[in-house]
>>> print(open('upload-v8.tsv').read())   # TSV, C-alpha atoms
chain	number	residue	atom	x	y	z
A	258	MET	CA	40.97	55.97	33.68
A	259	SER	CA	42.43	55.95	30.20
A	260	PRO	CA	40.17	56.86	27.24
A	261	ASP	CA	40.37	53.30	25.87
A	262	LEU	CA	39.14	51.82	29.13
A	263	GLN	CA	36.34	54.36	29.23
A	264	VAL	CA	35.22	53.30	25.75
A	265	VAL	CA	35.32	49.64	26.77
A	266	ALA	CA	33.32	50.29	29.91
A	267	ILE	CA	30.65	52.32	28.11
A	268	ALA	CA	30.31	49.76	25.27
A	269	LEU	CA	30.17	46.88	27.76
A	270	ALA	CA	27.50	48.53	29.89
A	271	CYS	CA	25.26	49.48	26.96
A	272	SER	CA	25.61	46.08	25.26
A	273	ALA	CA	25.00	44.16	28.49
A	274	VAL	CA	21.79	46.07	29.21
A	275	ALA	CA	20.47	45.31	25.72
A	276	ALA	CA	21.57	41.66	25.86
A	277	LEU	CA	19.99	41.03	29.26
A	278	THR	CA	16.58	42.04	27.89
A	279	GLY	CA	16.65	38.74	25.99
A	280	VAL	CA	16.45	36.68	29.18
A	281	PRO	CA	12.87	37.66	30.20
A	282	LEU	CA	11.82	37.56	26.55
A	283	LEU	CA	12.97	33.94	26.23
A	284	ARG	CA	11.13	33.01	29.42
A	285	LEU	CA	7.93	34.60	28.13
A	286	LEU	CA	8.27	32.74	24.84
A	287	ARG	CA	8.90	29.26	26.30
A	288	ALA	CA	5.40	28.08	25.31
A	289	ARG	CA	5.47	29.84	21.93
A	290	PRO	CA	6.56	28.33	18.60
A	291	LEU	CA	10.23	27.89	17.88
A	292	TRP	CA	10.30	30.69	15.31
A	293	ALA	CA	9.58	33.27	18.06
A	294	THR	CA	12.50	32.05	20.15
A	295	ALA	CA	14.73	31.97	17.07
A	296	ALA	CA	13.77	35.58	16.26
A	297	VAL	CA	14.70	36.71	19.75
A	298	LEU	CA	18.02	34.88	19.53
A	299	CYS	CA	18.75	36.58	16.22
A	300	VAL	CA	17.62	40.13	17.07
A	301	VAL	CA	18.89	40.54	20.64
A	302	PRO	CA	22.63	40.16	19.78
A	303	VAL	CA	22.24	42.70	16.96
A	304	LEU	CA	20.55	45.13	19.34
A	305	ALA	CA	23.33	44.60	21.88
A	306	VAL	CA	25.93	45.57	19.27
A	307	ALA	CA	23.88	48.58	18.20
A	308	ALA	CA	23.41	49.71	21.80
A	309	GLY	CA	27.16	49.48	22.44
A	310	VAL	CA	27.99	51.53	19.34
A	311	ILE	CA	25.33	54.16	20.01
A	312	GLY	CA	26.23	54.52	23.69
A	313	THR	CA	29.91	54.89	22.88
A	314	ALA	CA	29.24	57.39	20.07
A	315	ARG	CA	27.12	59.62	22.33
A	316	ALA	CA	29.73	59.53	25.07
A	317	MET	CA	32.42	60.63	22.66
A	318	PHE	CA	30.71	64.03	22.23
A	319	LEU	CA	30.67	63.79	18.45
A	320	SER	CA	29.27	66.64	16.48
A	321	HIS	CA	25.58	66.55	15.77
A	322	HIS	CA	26.21	65.70	12.13
A	323	ASP	CA	28.69	62.90	12.90
A	324	LEU	CA	26.44	61.45	15.59
A	325	ARG	CA	23.52	61.48	13.18
A	326	VAL	CA	25.60	59.62	10.56
A	327	VAL	CA	26.69	57.01	13.11
A	328	LEU	CA	23.11	56.47	14.25
A	329	ILE	CA	21.87	56.03	10.66
A	330	VAL	CA	24.66	53.56	9.86
A	331	VAL	CA	24.00	51.57	13.05
A	332	ALA	CA	20.23	51.52	12.47
A	333	VAL	CA	20.53	50.36	8.88
A	334	SER	CA	23.16	47.76	9.77
A	335	ALA	CA	21.10	46.49	12.69
A	336	VAL	CA	17.97	46.08	10.54
A	337	VAL	CA	19.88	44.30	7.80
A	338	ALA	CA	21.74	42.07	10.26
A	339	ALA	CA	18.53	41.15	12.11
A	340	ALA	CA	16.68	40.41	8.86
A	341	VAL	CA	19.54	38.27	7.55
A	342	ALA	CA	19.82	36.43	10.87
A	343	VAL	CA	16.10	35.68	10.92
A	344	GLY	CA	16.21	34.57	7.30
A	345	LEU	CA	19.17	32.29	7.89
A	346	GLY	CA	17.41	30.78	10.90
A	347	ARG	CA	14.25	29.87	8.98
A	348	PRO	CA	15.69	26.57	7.63
A	349	LEU	CA	16.47	25.54	11.20
A	350	VAL	CA	12.90	26.27	12.28
A	351	ALA	CA	11.51	24.43	9.25
A	352	ALA	CA	13.76	21.43	9.92
A	353	THR	CA	12.63	21.28	13.53
A	354	SER	CA	8.98	21.38	12.45
A	355	LEU	CA	9.68	18.57	9.97
A	356	LEU	CA	11.27	16.48	12.70
A	357	THR	CA	8.25	17.11	14.93
A	358	ARG	CA	5.87	15.89	12.21
A	359	SER	CA	8.09	12.86	11.62
A	360	ALA	CA	8.07	12.03	15.33
A	361	ASP	CA	4.26	12.27	15.37
A	362	THR	CA	3.98	9.63	12.63
A	363	LEU	CA	6.60	7.15	13.86
A	364	GLY	CA	5.58	3.63	12.94
A	365	GLU	CA	2.76	4.80	10.66
A	366	PRO	CA	2.50	4.27	6.88
A	367	VAL	CA	2.49	8.07	6.36
A	368	TYR	CA	5.89	8.52	8.00
A	369	ARG	CA	8.18	10.71	5.88
A	370	HIS	CA	11.95	10.61	5.88
A	371	ALA	CA	13.35	13.93	7.08
A	372	GLY	CA	16.35	13.84	4.74
A	373	ARG	CA	19.41	16.07	5.08
A	374	LEU	CA	19.04	18.88	7.64
A	375	PRO	CA	20.94	22.15	8.32
A	376	THR	CA	23.00	20.87	11.24
A	377	ALA	CA	24.82	17.66	12.08
A	378	GLU	CA	22.85	17.30	15.32
A	379	LEU	CA	19.49	17.50	13.55
A	380	THR	CA	20.69	15.10	10.86
A	381	THR	CA	21.71	12.63	13.56
A	382	LEU	CA	18.31	13.06	15.21
A	383	ALA	CA	16.60	12.44	11.86
A	384	ASP	CA	18.62	9.27	11.32
A	385	THR	CA	17.69	8.12	14.82
A	386	LEU	CA	14.00	8.73	14.07
A	387	ASP	CA	14.31	6.76	10.82
A	388	ALA	CA	15.91	3.82	12.63
A	389	THR	CA	13.27	3.99	15.36
A	390	HIS	CA	10.54	4.03	12.71
A	391	LEU	CA	11.93	0.88	11.10
A	392	ARG	CA	12.14	-0.85	14.48
A	393	LEU	CA	8.55	0.13	15.27
A	394	VAL	CA	7.33	-1.17	11.91
A	395	GLU	CA	9.19	-4.45	12.41
A	396	SER	CA	7.91	-4.70	15.98
A	397	ARG	CA	4.32	-4.13	14.87
A	398	GLY	CA	4.76	-6.71	12.14
A	399	ARG	CA	6.06	-9.24	14.66
A	400	GLU	CA	3.24	-8.34	17.04
A	401	ARG	CA	0.63	-8.88	14.34
A	402	ALA	CA	2.25	-12.17	13.34
A	403	LEU	CA	2.34	-13.34	16.95
A	404	GLU	CA	-1.28	-12.32	17.45
A	405	ALA	CA	-2.27	-14.20	14.30
A	406	SER	CA	-0.31	-17.24	15.48
A	407	ARG	CA	-1.93	-16.99	18.90
A	408	ARG	CA	-5.41	-16.91	17.36
A	409	GLU	CA	-4.56	-19.85	15.12
A	410	LEU	CA	-3.14	-21.79	18.04
A	411	VAL	CA	-6.21	-21.14	20.19
A	412	ALA	CA	-8.44	-22.24	17.33
A	413	TRP	CA	-6.45	-25.41	16.65
A	414	ILE	CA	-6.07	-26.31	20.32
A	415	SER	CA	-9.77	-25.73	20.91
A	416	HIS	CA	-10.57	-28.05	18.03
A	417	ASP	CA	-8.04	-30.67	19.05
A	418	LEU	CA	-9.12	-30.63	22.70
A	419	ARG	CA	-12.76	-30.90	21.77
A	420	THR	CA	-12.29	-34.26	20.01
A	421	PRO	CA	-10.86	-36.30	22.93
A	422	LEU	CA	-13.11	-34.51	25.41
A	423	ALA	CA	-16.16	-35.40	23.34
A	424	GLY	CA	-14.93	-39.01	23.17
A	425	ILE	CA	-14.43	-39.21	26.93
A	426	ARG	CA	-17.84	-37.68	27.58
A	427	ALA	CA	-19.61	-39.98	25.13
A	428	THR	CA	-18.05	-43.16	26.51
A	429	ALA	CA	-18.57	-42.04	30.12
A	430	GLU	CA	-22.24	-41.29	29.46
A	431	ALA	CA	-22.68	-44.65	27.73
A	432	LEU	CA	-21.18	-46.44	30.74
A	433	ALA	CA	-23.20	-44.35	33.23
A	434	ASP	CA	-26.47	-44.98	31.40
A	435	GLY	CA	-25.87	-48.71	31.30
A	436	LEU	CA	-25.91	-48.84	27.51
A	437	VAL	CA	-22.91	-51.17	27.62
A	438	SER	CA	-23.19	-54.37	29.60
A	439	ASP	CA	-20.77	-56.93	28.15
A	440	VAL	CA	-17.27	-57.05	29.59
A	441	GLU	CA	-15.44	-56.85	26.27
A	442	THR	CA	-17.18	-53.63	25.17
A	443	THR	CA	-16.78	-52.12	28.63
A	444	GLU	CA	-13.03	-52.77	28.57
A	445	ARG	CA	-12.79	-51.29	25.08
A	446	TYR	CA	-14.61	-48.15	26.27
A	447	HIS	CA	-12.21	-47.89	29.20
A	448	ARG	CA	-9.23	-48.21	26.87
A	449	GLN	CA	-10.67	-45.52	24.61
A	450	MET	CA	-11.15	-43.19	27.58
A	451	LEU	CA	-7.56	-43.80	28.67
A	452	ALA	CA	-6.34	-43.13	25.13
A	453	ASP	CA	-8.26	-39.85	24.95
A	454	ALA	CA	-6.99	-38.85	28.39
A	455	GLU	CA	-3.44	-39.66	27.27
A	456	ARG	CA	-3.96	-37.49	24.22
A	457	LEU	CA	-5.11	-34.59	26.38
A	458	THR	CA	-2.10	-35.06	28.63
A	459	GLY	CA	0.19	-34.94	25.61
A	460	MET	CA	-1.38	-31.67	24.46
A	461	VAL	CA	-0.95	-30.11	27.89
A	462	ASP	CA	2.67	-31.31	27.99
A	463	ASP	CA	3.31	-29.76	24.58
A	464	LEU	CA	1.82	-26.44	25.64
A	465	PHE	CA	3.90	-26.45	28.81
A	466	GLU	CA	7.03	-27.21	26.80
A	467	LEU	CA	6.25	-24.39	24.38
A	468	ALA	CA	5.77	-21.98	27.28
A	469	ARG	CA	9.19	-22.94	28.67
A	470	LEU	CA	10.85	-22.54	25.28
A	471	GLN	CA	9.28	-19.14	24.59
A	472	ALA	CA	10.14	-17.90	28.08
A	473	GLY	CA	13.74	-19.07	27.72
A	474	ALA	CA	13.30	-21.23	30.83
A	475	LEU	CA	14.38	-24.50	29.24
A	476	GLU	CA	17.39	-25.80	31.18
A	477	LEU	CA	19.66	-28.03	29.11
A	478	ALA	CA	21.84	-30.76	30.63
A	479	LEU	CA	24.56	-30.67	28.00
A	480	GLU	CA	26.90	-33.60	27.53
A	481	LYS	CA	28.89	-35.15	24.72
A	482	VAL	CA	26.59	-37.73	23.11
A	483	CYS	CA	26.61	-39.82	19.96
A	484	LEU	CA	24.00	-38.43	17.60
A	485	ALA	CA	23.44	-41.83	16.01
A	486	ASP	CA	22.41	-43.27	19.41
A	487	ILE	CA	19.81	-40.54	19.91
A	488	VAL	CA	18.42	-41.17	16.44
A	489	SER	CA	18.26	-44.93	17.06
A	490	ASP	CA	16.28	-44.40	20.25
A	491	ALA	CA	13.90	-42.01	18.48
A	492	VAL	CA	13.35	-44.47	15.64
A	493	ALA	CA	12.61	-47.24	18.15
A	494	THR	CA	10.04	-45.03	19.90
A	495	VAL	CA	8.29	-44.21	16.63
A	496	ASP	CA	8.42	-47.81	15.36
A	497	PRO	CA	4.89	-48.78	16.60
A	498	ILE	CA	3.36	-45.91	14.62
A	499	ALA	CA	5.38	-46.79	11.52
A	500	ARG	CA	4.42	-50.48	11.70
A	501	ALA	CA	0.75	-49.58	12.16
A	502	ARG	CA	0.87	-47.62	8.92
A	503	ARG	CA	3.20	-50.11	7.21
A	504	VAL	CA	5.76	-47.34	6.80
A	505	THR	CA	9.43	-48.32	6.67
A	506	VAL	CA	11.95	-46.13	8.48
A	507	THR	CA	15.43	-46.55	7.02
A	508	GLY	CA	18.63	-45.07	8.43
A	509	ASP	CA	22.11	-44.11	7.31
A	510	THR	CA	24.00	-43.10	10.44
A	511	ASP	CA	27.59	-42.19	11.22
A	512	ASP	CA	28.65	-43.42	14.66
A	513	ALA	CA	31.51	-40.93	14.70
A	514	VAL	CA	29.22	-37.88	14.90
A	515	TYR	CA	29.10	-36.39	18.41
A	516	VAL	CA	27.31	-33.30	19.66
A	517	ASP	CA	27.14	-31.36	22.93
A	518	ALA	CA	23.45	-31.65	23.65
A	519	ASP	CA	20.71	-32.56	26.07
A	520	ALA	CA	19.97	-36.09	24.84
A	521	ALA	CA	16.39	-36.12	26.17
A	522	GLN	CA	15.44	-32.80	24.54
A	523	VAL	CA	17.09	-33.61	21.20
A	524	SER	CA	15.37	-37.01	21.27
A	525	ARG	CA	12.02	-35.29	21.79
A	526	ALA	CA	12.63	-33.02	18.81
A	527	LEU	CA	13.64	-35.94	16.58
A	528	ILE	CA	10.62	-37.99	17.70
A	529	ASN	CA	8.37	-35.10	16.74
A	530	LEU	CA	10.00	-34.92	13.30
A	531	LEU	CA	9.77	-38.69	12.76
A	532	VAL	CA	6.14	-38.90	13.87
A	533	ASN	CA	5.31	-36.00	11.59
A	534	ALA	CA	7.08	-37.74	8.68
A	535	VAL	CA	5.39	-41.10	9.32
A	536	ARG	CA	1.93	-39.57	9.67
A	537	HIS	CA	2.22	-37.76	6.34
A	538	THR	CA	3.82	-40.61	4.38
A	539	PRO	CA	1.34	-42.87	2.54
A	540	ASP	CA	0.90	-46.44	3.75
A	541	ASP	CA	3.69	-48.77	2.60
A	542	GLY	CA	5.89	-45.70	2.10
A	543	THR	CA	9.41	-45.00	3.34
A	544	VAL	CA	10.93	-42.44	5.69
A	545	GLU	CA	14.68	-41.97	5.37
A	546	VAL	CA	16.89	-40.76	8.22
A	547	ARG	CA	20.52	-39.73	7.75
A	548	VAL	CA	23.11	-38.66	10.32
A	549	GLY	CA	26.32	-37.02	9.19
A	550	TRP	CA	28.22	-33.81	8.71
A	551	GLU	CA	26.93	-30.67	7.09
A	552	HIS	CA	28.19	-29.87	3.60
A	553	GLY	CA	29.46	-26.53	2.35
A	554	VAL	CA	27.49	-23.54	3.61
A	555	PRO	CA	27.80	-19.85	2.76
A	556	GLY	CA	31.04	-18.65	4.30
A	557	GLY	CA	31.90	-22.15	5.46
A	558	GLY	CA	33.84	-23.42	2.49
A	559	PRO	CA	33.21	-24.46	-1.10
A	560	PRO	CA	30.06	-26.44	-1.96
A	561	GLY	CA	30.40	-30.14	-1.30
A	562	GLN	CA	33.10	-29.74	1.35
A	563	LEU	CA	32.19	-31.25	4.73
A	564	ASP	CA	31.81	-28.85	7.64
A	565	ALA	CA	32.96	-30.72	10.75
A	566	SER	CA	31.65	-27.95	13.06
A	567	ARG	CA	28.02	-28.87	12.41
A	568	ALA	CA	26.32	-32.25	12.63
A	569	ILE	CA	23.01	-32.89	10.90
A	570	VAL	CA	20.05	-35.21	11.10
A	571	ALA	CA	18.00	-35.30	7.89
A	572	VAL	CA	14.49	-36.78	7.81
A	573	ALA	CA	12.96	-37.29	4.36
A	574	ASP	CA	9.34	-38.36	3.91
A	575	ARG	CA	7.02	-39.08	0.99
A	576	CYS	CA	4.28	-36.57	1.78
A	577	GLY	CA	4.08	-35.35	-1.80
A	578	GLY	CA	5.59	-31.96	-1.00
A	579	ILE	CA	4.52	-28.82	0.83
A	580	PRO	CA	3.17	-25.71	-0.92
A	581	ALA	CA	5.99	-23.21	-1.39
A	582	GLU	CA	4.04	-20.46	0.38
A	583	ASP	CA	3.69	-22.68	3.49
A	584	LEU	CA	7.37	-23.58	3.84
A	585	PRO	CA	8.46	-20.36	5.62
A	586	ARG	CA	5.62	-20.75	8.18
A	587	LEU	CA	5.88	-24.47	8.77
A	588	PHE	CA	7.62	-24.06	12.15
A	589	ASP	CA	5.45	-21.12	13.30
A	590	LEU	CA	3.42	-21.63	16.43
A	591	GLY	CA	-0.19	-22.46	15.62
A	592	PHE	CA	0.33	-22.93	11.87
A	593	ARG	CA	-0.93	-25.93	9.98
A	594	GLY	CA	-1.68	-26.20	6.30
A	595	GLU	CA	-4.87	-27.10	4.55
A	596	THR	CA	-3.95	-30.79	4.46
A	597	ALA	CA	-3.17	-31.03	8.19
A	598	ARG	CA	-4.57	-34.17	9.76
A	599	THR	CA	-6.50	-34.56	12.93
A	600	PRO	CA	-4.84	-35.93	16.05
A	601	GLY	CA	-4.72	-39.68	16.19
A	602	ASP	CA	-3.64	-40.39	12.63
A	603	GLY	CA	-0.67	-42.27	13.92
A	604	GLY	CA	-2.62	-45.19	15.39
A	605	ASP	CA	-4.73	-45.96	18.41
A	606	HIS	CA	-2.15	-47.06	20.93
A	607	PRO	CA	-2.60	-44.80	23.98
A	608	HIS	CA	1.12	-44.57	24.76
A	609	GLN	CA	2.32	-43.66	21.28
A	610	PRO	CA	3.86	-40.19	20.99
A	611	ARG	CA	1.83	-37.82	18.88
A	612	VAL	CA	2.55	-34.53	17.15
A	613	ARG	CA	-0.17	-31.91	17.19
A	614	SER	CA	-0.34	-29.82	14.05
A	615	GLY	CA	1.04	-26.36	14.71
A	616	ILE	CA	2.71	-27.40	18.00
A	617	GLY	CA	5.08	-30.30	17.34
A	618	LEU	CA	7.21	-28.53	14.74
A	619	ALA	CA	7.29	-25.34	16.81
A	620	ILE	CA	8.71	-27.43	19.67
A	621	VAL	CA	11.31	-28.89	17.28
A	622	ARG	CA	12.52	-25.44	16.29
A	623	GLY	CA	12.55	-24.20	19.89
A	624	ILE	CA	14.62	-27.13	21.14
A	625	VAL	CA	17.08	-27.00	18.24
A	626	GLU	CA	17.58	-23.24	18.53
A	627	ALA	CA	18.08	-23.60	22.30
A	628	HIS	CA	21.09	-25.80	21.41
A	629	GLY	CA	22.48	-23.15	19.07
A	630	GLY	CA	21.41	-25.00	15.93
A	631	ASP	CA	18.74	-24.54	13.29
A	632	VAL	CA	16.15	-26.60	11.44
A	633	THR	CA	15.16	-26.17	7.80
A	634	VAL	CA	12.81	-27.84	5.36
A	635	HIS	CA	12.64	-28.01	1.58
A	636	ASN	CA	10.77	-30.01	-1.00
A	637	GLN	CA	12.38	-32.83	-2.87
A	638	HIS	CA	11.15	-35.41	-5.33
A	639	GLY	CA	8.05	-37.08	-3.87
A	640	GLY	CA	8.12	-35.36	-0.50
A	641	CYS	CA	10.05	-33.01	1.74
A	642	ARG	CA	13.28	-33.13	3.74
A	643	PHE	CA	13.77	-31.72	7.24
A	644	VAL	CA	17.35	-30.99	8.28
A	645	VAL	CA	18.36	-30.43	11.91
A	646	ALA	CA	21.85	-28.92	12.28
A	647	LEU	CA	23.57	-28.93	15.68
A	648	PRO	CA	27.03	-27.73	16.77
A	649	ALA	CA	29.39	-30.67	16.81
A	650	ALA	CA	31.27	-31.64	19.98
>>> encode(input="upload-v8.tsv", output="structure tokens")
Amino acid sequence: MSPDLQVVAIALACSAVAALTGVPLLRLLRARPLWATAAVLCVVPVLAVAAGVIGTARAMFLSHHDLRVVLIVVAVSAVVAAAVAVGLGRPLVAATSLLTRSADTLGEPVYRHAGRLPTAELTTLADTLDATHLRLVESRGRERALEASRRELVAWISHDLRTPLAGIRATAEALADGLVSDVETTERYHRQMLADAERLTGMVDDLFELARLQAGALELALEKVCLADIVSDAVATVDPIARARRVTVTGDTDDAVYVDADAAQVSRALINLLVNAVRHTPDDGTVEVRVGWEHGVPGGGPPGQLDASRAIVAVADRCGGIPAEDLPRLFDLGFRGETARTPGDGGDHPHQPRVRSGIGLAIVRGIVEAHGGDVTVHNQHGGCRFVVALPAA
């Protein structure tokens, strides 16, 4: 074997023996902190180099003095290299510890941004943790809002159910105890019981509809329909309530506006809006309904220009306005403001459609969004204006 190959073989054997000692060390340190593993990873390669140099030097039969010099140089170099390697690895260990603390506080107010880290992989991991933290915070916010809405809804439904149930119980007890004997009063009690039962049925129907909307189980039978026809039918349905309150419903419709929609579902949403407007408009007031095209929207052209891709139905009432802080929550499930009225404000006819506070407007939003549209509300002089926007056919 040539001398060069002998040197290679000796250096390889000595270095391999030293390097392989790192394998059991790493296994023993699996449950230890990261700094211990990092120290082994830094020191073992240096020792492998030192072992190769020392083994080769001894095999070369150097003089005692030369061998001693080589050993001193290797020892000093190995110590310096190991110390530098450990020192350079400390930022990596510190960054990993920082990421661990960040992961422990994900979603909490005390979460701290990890910032820039020594390697691209750790920086990417830190960015992922930051994005996850934001999603957790948003998710918790939505969860708290939904829980608050659920509590409000349960409270309102419990109150609204109690009223017709108490009426049915009172009239039934009066009839059972024989407190009512004349035919006219008996028939009136029966009509009142039917009206209360109809009210309960309407509440249950609304809750069922909300459950379908929230579960995404609402099946739409889409067809090209004239929006003005749907509005006319809705106005005719609400007319008994409006006449009972001496409220005038006026319309400005465009017969050329068509939408791809489920006519029955859109009609239900518009009836809810109209009943809501009539109930909150003072007696002898006016509710205005307009059907047309949407005007300029952000990204959809200059202000004032008609947008033929979206059809709108605008319902304006004379409720006196809605507090600005309530506007963003008006369509939330279970929400109703301080001035919300009790069920039955629209008249006493048992077959009149009614809108429960905190439910009716939530149904409106659910139906409109299921069609790919949106509904908004803003205050105007003397009242507020609801605008339903639907994709045009």
>>> residues_near_point(input="upload-v8.tsv", point="(26.6, -43.3, 10.8)", cutoff="12 Å", atoms="only C-alpha atoms", output="PyMOL selection string")
chain A and resi 483-489+508-515+546-550+568-570
>>> residues_around(input="upload-v8.tsv", residues="Met317 of chain A", least_positions_apart="4", cutoff="12 Å", atoms="only C-alpha atoms", output="PyMOL selection string")
chain A and resi 260-261+263-264+267-268+310-313+321+323-324+327
>>> atom_distance(input="upload-v8.tsv", atom1="atom CA of Thr380 of chain A", atom2="atom CA of Val367 of chain A")
20.0 Å
>>> atom_distance(input="upload-v8.tsv", atom1="atom CA of Met450 of chain A", atom2="atom CA of Ile620 of chain A")
26.6 Å
>>> residues_around(input="upload-v8.tsv", residues="Val644 of chain A", least_positions_apart="5", cutoff="8 Å", atoms="all atoms listed in the file", output="PyMOL selection string")
chain A and resi 569-572+632-634
>>> residues_around(input="upload-v8.tsv", residues="segment 335-341 of chain A", least_positions_apart="2", cutoff="9 Å", atoms="all atoms listed in the file", output="short mmCIF file (atom, residue, chain, number, x, y, z; two decimals) with C-alpha atoms, keeping the file's coordinate frame")
data_model
loop_
_atom_site.label_atom_id
_atom_site.label_comp_id
_atom_site.auth_asym_id
_atom_site.auth_seq_id
_atom_site.Cartn_x
_atom_site.Cartn_y
_atom_site.Cartn_z
CA ALA A 296 13.77 35.58 16.26
CA CYS A 299 18.75 36.58 16.22
CA VAL A 300 17.62 40.13 17.07
CA VAL A 301 18.89 40.54 20.64
CA PRO A 302 22.63 40.16 19.78
CA VAL A 303 22.24 42.70 16.96
CA LEU A 304 20.55 45.13 19.34
CA VAL A 306 25.93 45.57 19.27
CA ALA A 307 23.88 48.58 18.20
CA VAL A 330 24.66 53.56 9.86
CA VAL A 331 24.00 51.57 13.05
CA ALA A 332 20.23 51.52 12.47
CA VAL A 333 20.53 50.36 8.88
CA VAL A 343 16.10 35.68 10.92
CA GLY A 344 16.21 34.57 7.30
CA LEU A 345 19.17 32.29 7.89
CA GLY A 346 17.41 30.78 10.90
#
>>> residues_near_point(input="upload-v8.tsv", point="(10.2, -42.5, 10.4)", cutoff="8 Å", atoms="all atoms listed in the file", output="list in words")
Val492, Val495, Asp496, Ala499, Val504, Thr505, Val506, Thr507, Leu531, Val532, Ala534, Val535, Thr543, Val544, Glu545, Val546, Val572 and Asp574 of chain A
>>> residues_around(input="upload-v8.tsv", residues="Ala273 of chain A", least_positions_apart="6", cutoff="9 Å", atoms="all atoms listed in the file", output="list in words")
Ala305, Ala308 and Gly309 of chain A
>>> atom_distance(input="upload-v8.tsv", atom1="atom CA of Trp413 of chain A", atom2="atom CA of Leu527 of chain A")
22.7 Å
>>> residues_around(input="upload-v8.tsv", residues="segment 575-591 of chain A", least_positions_apart="4", cutoff="9 Å", atoms="only C-alpha atoms", output="PDB file with C-alpha atoms, in the frame of the given file")
ATOM      1  CA  LEU A 403       2.340 -13.340  16.950  1.00  0.00           C
ATOM      2  CA  ALA A 405      -2.270 -14.200  14.300  1.00  0.00           C
ATOM      3  CA  SER A 406      -0.310 -17.240  15.480  1.00  0.00           C
ATOM      4  CA  ARG A 407      -1.930 -16.990  18.900  1.00  0.00           C
ATOM      5  CA  ARG A 408      -5.410 -16.910  17.360  1.00  0.00           C
ATOM      6  CA  GLU A 409      -4.560 -19.850  15.120  1.00  0.00           C
ATOM      7  CA  LEU A 410      -3.140 -21.790  18.040  1.00  0.00           C
ATOM      8  CA  VAL A 411      -6.210 -21.140  20.190  1.00  0.00           C
ATOM      9  CA  ALA A 412      -8.440 -22.240  17.330  1.00  0.00           C
ATOM     10  CA  TRP A 413      -6.450 -25.410  16.650  1.00  0.00           C
ATOM     11  CA  ILE A 414      -6.070 -26.310  20.320  1.00  0.00           C
ATOM     12  CA  LEU A 467       6.250 -24.390  24.380  1.00  0.00           C
ATOM     13  CA  ALA A 534       7.080 -37.740   8.680  1.00  0.00           C
ATOM     14  CA  VAL A 535       5.390 -41.100   9.320  1.00  0.00           C
ATOM     15  CA  ARG A 536       1.930 -39.570   9.670  1.00  0.00           C
ATOM     16  CA  HIS A 537       2.220 -37.760   6.340  1.00  0.00           C
ATOM     17  CA  THR A 538       3.820 -40.610   4.380  1.00  0.00           C
ATOM     18  CA  PRO A 539       1.340 -42.870   2.540  1.00  0.00           C
ATOM     19  CA  GLY A 542       5.890 -45.700   2.100  1.00  0.00           C
ATOM     20  CA  THR A 543       9.410 -45.000   3.340  1.00  0.00           C
ATOM     21  CA  VAL A 544      10.930 -42.440   5.690  1.00  0.00           C
ATOM     22  CA  SER A 614      -0.340 -29.820  14.050  1.00  0.00           C
ATOM     23  CA  GLY A 615       1.040 -26.360  14.710  1.00  0.00           C
ATOM     24  CA  ILE A 616       2.710 -27.400  18.000  1.00  0.00           C
ATOM     25  CA  GLY A 617       5.080 -30.300  17.340  1.00  0.00           C
ATOM     26  CA  LEU A 618       7.210 -28.530  14.740  1.00  0.00           C
ATOM     27  CA  ALA A 619       7.290 -25.340  16.810  1.00  0.00           C
ATOM     28  CA  ILE A 620       8.710 -27.430  19.670  1.00  0.00           C
ATOM     29  CA  VAL A 621      11.310 -28.890  17.280  1.00  0.00           C
ATOM     30  CA  ARG A 622      12.520 -25.440  16.290  1.00  0.00           C
ATOM     31  CA  VAL A 632      16.150 -26.600  11.440  1.00  0.00           C
ATOM     32  CA  THR A 633      15.160 -26.170   7.800  1.00  0.00           C
ATOM     33  CA  VAL A 634      12.810 -27.840   5.360  1.00  0.00           C
ATOM     34  CA  HIS A 635      12.640 -28.010   1.580  1.00  0.00           C
ATOM     35  CA  ASN A 636      10.770 -30.010  -1.000  1.00  0.00           C
ATOM     36  CA  GLN A 637      12.380 -32.830  -2.870  1.00  0.00           C
ATOM     37  CA  HIS A 638      11.150 -35.410  -5.330  1.00  0.00           C
ATOM     38  CA  GLY A 639       8.050 -37.080  -3.870  1.00  0.00           C
ATOM     39  CA  GLY A 640       8.120 -35.360  -0.500  1.00  0.00           C
ATOM     40  CA  CYS A 641      10.050 -33.010   1.740  1.00  0.00           C
TER      41      CYS A 641
END
>>> closest_residue(input="upload-v8.tsv", among="A:Leu386, A:Leu647, A:Glu476, A:Arg392", to="Arg358 of chain A", atoms="all atoms listed in the file")
A:Leu386
>>> closest_residue(input="upload-v8.tsv", among="A:Leu470, A:Ala627, A:Ala433, A:Leu363", to="Leu391 of chain A", atoms="all atoms listed in the file")
A:Leu363
>>> closest_residue(input="upload-v8.tsv", among="A:Ala314, A:Leu475, A:Ile624, A:Ala295", to="Ala351 of chain A", atoms="all atoms listed in the file")
A:Ala295
>>> closest_residue(input="upload-v8.tsv", among="A:Ile329, A:Ala518, A:Ala360, A:Leu451", to="Leu479 of chain A", atoms="only C-alpha atoms")
A:Ala518
